[in-house]
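What follows is a single structure, written as structure tokens, with notes after it.
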Amino acid sequence: MFESNHKYNIDLQKFNSLQKQIQTCRYCQSDFGFEPHPIVFGNPQAKIMQISQAPSRTVHNTGKPFYDASGKRLRSEWYKISDENFYNPNNFYIVSISHCYPGKNPQGGDKRPPKHCADKWLIQELELVQNQIYILIGGIAAQYFFPNKKLTDLVFQNLKINGKPAFILPHPSPLNINWFRDHSKFMEKRVLEIQKVIHTVLGIA
């Protein structure tokens, strides 16, 4: 049974101030070699707090979180919800360990997100956003909250963060094809369980 958010005391002034600070943060500019574009999305009463690794280059350019192939798979195949439900700021607070796209790694893929971003900003968002459940996406997000635990083990467990239900997803990137092949029960069973929770929280029949 999930509680209605109207019971919580939300400090809107503090929340709005925090969002402005995040949006104007340029702490990593010298490390990135380009101007950071912090992505901030959602209201403090959002029902679901979704935490991933970092925005992609596409999201960096558009300013719209999960507005890429991975996001489409997440919404349409895993969550089974419309874009309107996903991009409703009262439904989802979408954030990452790093609020900005960190750039490309010369060895391939994106650079690892700087942890100090989460230590500085995410920790404050966790205090102010009065969500009902957490969804963590990818190994780096999972490690931040559950260090020294294997992603595969966490994916199949019902967990808690700040006393609230928390669910772990692998990253929906096509690059994870081997993981999906080796763990067929994720798509056969686990994703359906998480999907049901999401629909219950959002009030989707």
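In the structure tokens, chains take the letters A, B, ... in the order shown, each chain's residues start at 1, and ligands count up from 1 in the order shown.
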Can you build me a table of range 30-50 of chain A residues sitting at most 10 Å from range 153-168 of chain A, with the closest atom pair per residue and its distance in Å to one decimal, using only C-alpha atoms, sorted by chain and residue number, as JSON lines?
```
{"residue": "A:Ile48", "atom": "CA", "partner": "A:Ala166", "partner_atom": "CA", "distance": 9.8}
{"residue": "A:Met49", "atom": "CA", "partner": "A:Ala166", "partner_atom": "CA", "distance": 9.4}
{"residue": "A:Gln50", "atom": "CA", "partner": "A:Phe167", "partner_atom": "CA", "distance": 9.6}
```
Please save N, CA and C atoms of the selected residues as a PDB file, in the first residue's frame.
```
ATOM      1  N   ILE A  48       7.589   8.675  -8.245  1.00  0.00           N
ATOM      2  CA  ILE A  48       8.712   7.751  -8.475  1.00  0.00           C
ATOM      3  C   ILE A  48       9.995   8.559  -8.672  1.00  0.00           C
ATOM      4  N   MET A  49      11.027   8.208  -7.935  1.00  0.00           N
ATOM      5  CA  MET A  49      12.343   8.812  -8.144  1.00  0.00           C
ATOM      6  C   MET A  49      13.195   7.806  -8.900  1.00  0.00           C
ATOM      7  N   GLN A  50      13.533   8.161 -10.129  1.00  0.00           N
ATOM      8  CA  GLN A  50      14.321   7.279 -10.994  1.00  0.00           C
ATOM      9  C   GLN A  50      15.747   7.810 -11.074  1.00  0.00           C
TER      10      GLN A  50
END
```
For the structure I just gave you, how does DSSP split range 1-203 of chain A - specifically, which residues are alpha helix (DSSP H)? Reply as an NGL selection string. :A and (12-23 or 29-32 or 57-62 or 69-73 or 83-86 or 115-117 or 123-128 or 139-145 or 151-155 or 177-182 or 185 or 191-202)
Can you write just those residues out, C-alpha atoms, as a PDB file, in the first residue's frame?
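result-v5.pdb, written as the output of this step:
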```pdb
ATOM      1  CA  LEU A  12       9.116  24.200  -2.037  1.00  0.00           C
ATOM      2  CA  GLN A  13      11.366  27.200  -1.474  1.00  0.00           C
ATOM      3  CA  LYS A  14      14.328  25.012  -0.573  1.00  0.00           C
ATOM      4  CA  PHE A  15      13.572  22.622  -3.436  1.00  0.00           C
ATOM      5  CA  ASN A  16      13.344  25.400  -6.058  1.00  0.00           C
ATOM      6  CA  SER A  17      16.575  26.917  -4.768  1.00  0.00           C
ATOM      7  CA  LEU A  18      18.329  23.551  -5.059  1.00  0.00           C
ATOM      8  CA  GLN A  19      17.148  23.051  -8.649  1.00  0.00           C
ATOM      9  CA  LYS A  20      18.487  26.487  -9.623  1.00  0.00           C
ATOM     10  CA  GLN A  21      21.838  25.692  -8.022  1.00  0.00           C
ATOM     11  CA  ILE A  22      22.064  22.411  -9.929  1.00  0.00           C
ATOM     12  CA  GLN A  23      21.105  24.039 -13.242  1.00  0.00           C
ATOM     13  CA  GLN A  29      33.663  22.123 -16.924  1.00  0.00           C
ATOM     14  CA  SER A  30      37.466  21.957 -16.789  1.00  0.00           C
ATOM     15  CA  ASP A  31      37.342  18.153 -16.432  1.00  0.00           C
ATOM     16  CA  PHE A  32      34.829  17.652 -19.239  1.00  0.00           C
ATOM     17  CA  ARG A  57      24.963  12.890 -25.386  1.00  0.00           C
ATOM     18  CA  THR A  58      21.491  12.980 -26.962  1.00  0.00           C
ATOM     19  CA  VAL A  59      19.997  14.080 -23.641  1.00  0.00           C
ATOM     20  CA  HIS A  60      22.813  16.626 -23.251  1.00  0.00           C
ATOM     21  CA  ASN A  61      21.817  18.147 -26.596  1.00  0.00           C
ATOM     22  CA  THR A  62      18.035  18.030 -26.126  1.00  0.00           C
ATOM     23  CA  ALA A  69      16.780   4.712 -27.748  1.00  0.00           C
ATOM     24  CA  SER A  70      17.348   3.452 -24.210  1.00  0.00           C
ATOM     25  CA  GLY A  71      14.593   5.697 -22.904  1.00  0.00           C
ATOM     26  CA  LYS A  72      12.144   4.501 -25.521  1.00  0.00           C
ATOM     27  CA  ARG A  73      12.785   0.890 -24.548  1.00  0.00           C
ATOM     28  CA  ASP A  83       5.423   9.328 -22.875  1.00  0.00           C
ATOM     29  CA  GLU A  84       2.838  11.599 -21.241  1.00  0.00           C
ATOM     30  CA  ASN A  85       2.944   9.554 -18.031  1.00  0.00           C
ATOM     31  CA  PHE A  86       6.725   9.306 -18.042  1.00  0.00           C
ATOM     32  CA  LYS A 115      30.751  10.654  -7.801  1.00  0.00           C
ATOM     33  CA  HIS A 116      31.134  14.056  -6.190  1.00  0.00           C
ATOM     34  CA  CYS A 117      28.103  15.229  -8.190  1.00  0.00           C
ATOM     35  CA  ILE A 123      22.003  13.631  -1.510  1.00  0.00           C
ATOM     36  CA  GLN A 124      20.013  16.859  -1.137  1.00  0.00           C
ATOM     37  CA  GLU A 125      17.409  15.770  -3.690  1.00  0.00           C
ATOM     38  CA  LEU A 126      16.918  12.538  -1.762  1.00  0.00           C
ATOM     39  CA  GLU A 127      15.971  14.601   1.282  1.00  0.00           C
ATOM     40  CA  LEU A 128      13.570  16.944  -0.504  1.00  0.00           C
ATOM     41  CA  GLY A 139      25.370  -0.769 -12.142  1.00  0.00           C
ATOM     42  CA  ILE A 140      26.858   2.600 -11.207  1.00  0.00           C
ATOM     43  CA  ALA A 141      23.602   3.856  -9.701  1.00  0.00           C
ATOM     44  CA  ALA A 142      23.160   0.550  -7.864  1.00  0.00           C
ATOM     45  CA  GLN A 143      26.714   0.664  -6.502  1.00  0.00           C
ATOM     46  CA  TYR A 144      26.223   4.139  -5.089  1.00  0.00           C
ATOM     47  CA  PHE A 145      23.409   2.919  -2.832  1.00  0.00           C
ATOM     48  CA  LEU A 151      24.005  -5.810 -10.021  1.00  0.00           C
ATOM     49  CA  THR A 152      22.505  -9.142 -11.061  1.00  0.00           C
ATOM     50  CA  ASP A 153      21.732 -10.064  -7.464  1.00  0.00           C
ATOM     51  CA  LEU A 154      20.197  -6.652  -6.759  1.00  0.00           C
ATOM     52  CA  VAL A 155      17.965  -6.774  -9.848  1.00  0.00           C
ATOM     53  CA  ILE A 177      22.477  -7.738 -25.034  1.00  0.00           C
ATOM     54  CA  ASN A 178      24.693 -10.383 -23.404  1.00  0.00           C
ATOM     55  CA  TRP A 179      23.259  -9.670 -19.946  1.00  0.00           C
ATOM     56  CA  PHE A 180      19.691 -10.009 -21.218  1.00  0.00           C
ATOM     57  CA  ARG A 181      20.583 -13.252 -22.997  1.00  0.00           C
ATOM     58  CA  ASP A 182      22.167 -14.722 -19.877  1.00  0.00           C
ATOM     59  CA  LYS A 185      14.112 -14.399 -16.203  1.00  0.00           C
ATOM     60  CA  VAL A 191      10.326  -6.709 -15.273  1.00  0.00           C
ATOM     61  CA  LEU A 192       6.622  -7.656 -15.077  1.00  0.00           C
ATOM     62  CA  GLU A 193       6.751  -7.473 -11.275  1.00  0.00           C
ATOM     63  CA  ILE A 194       8.337  -4.023 -11.347  1.00  0.00           C
ATOM     64  CA  GLN A 195       5.950  -2.899 -14.068  1.00  0.00           C
ATOM     65  CA  LYS A 196       2.995  -3.854 -11.845  1.00  0.00           C
ATOM     66  CA  VAL A 197       4.371  -1.758  -8.973  1.00  0.00           C
ATOM     67  CA  ILE A 198       4.860   1.238 -11.283  1.00  0.00           C
ATOM     68  CA  HIS A 199       1.304   0.981 -12.580  1.00  0.00           C
ATOM     69  CA  THR A 200      -0.050   0.743  -9.034  1.00  0.00           C
ATOM     70  CA  VAL A 201       1.887   3.816  -7.893  1.00  0.00           C
ATOM     71  CA  LEU A 202       0.801   5.818 -10.970  1.00  0.00           C
TER      72      LEU A 202
END
```
Out of range 70-141 of chain A, which residues get strand (DSSP E) from DSSP, as an MDAnalysis selection string? chainID A and resid 92:96 133:137
What is the CA of Leu169 in chain A-CA of His37 in chain A distance in Å, reported with one decimal?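 About the pair CA of Leu169 in chain A and CA of His37 in chain A: they are 25.1 Å apart.
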Quick one: distance from CA of Leu136 in chain A to CA of Gly33 in chain A in Å, one decimal?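 Taking CA of Leu136 in chain A as the start and CA of Gly33 in chain A as the end point, the length is 28.1 Å.
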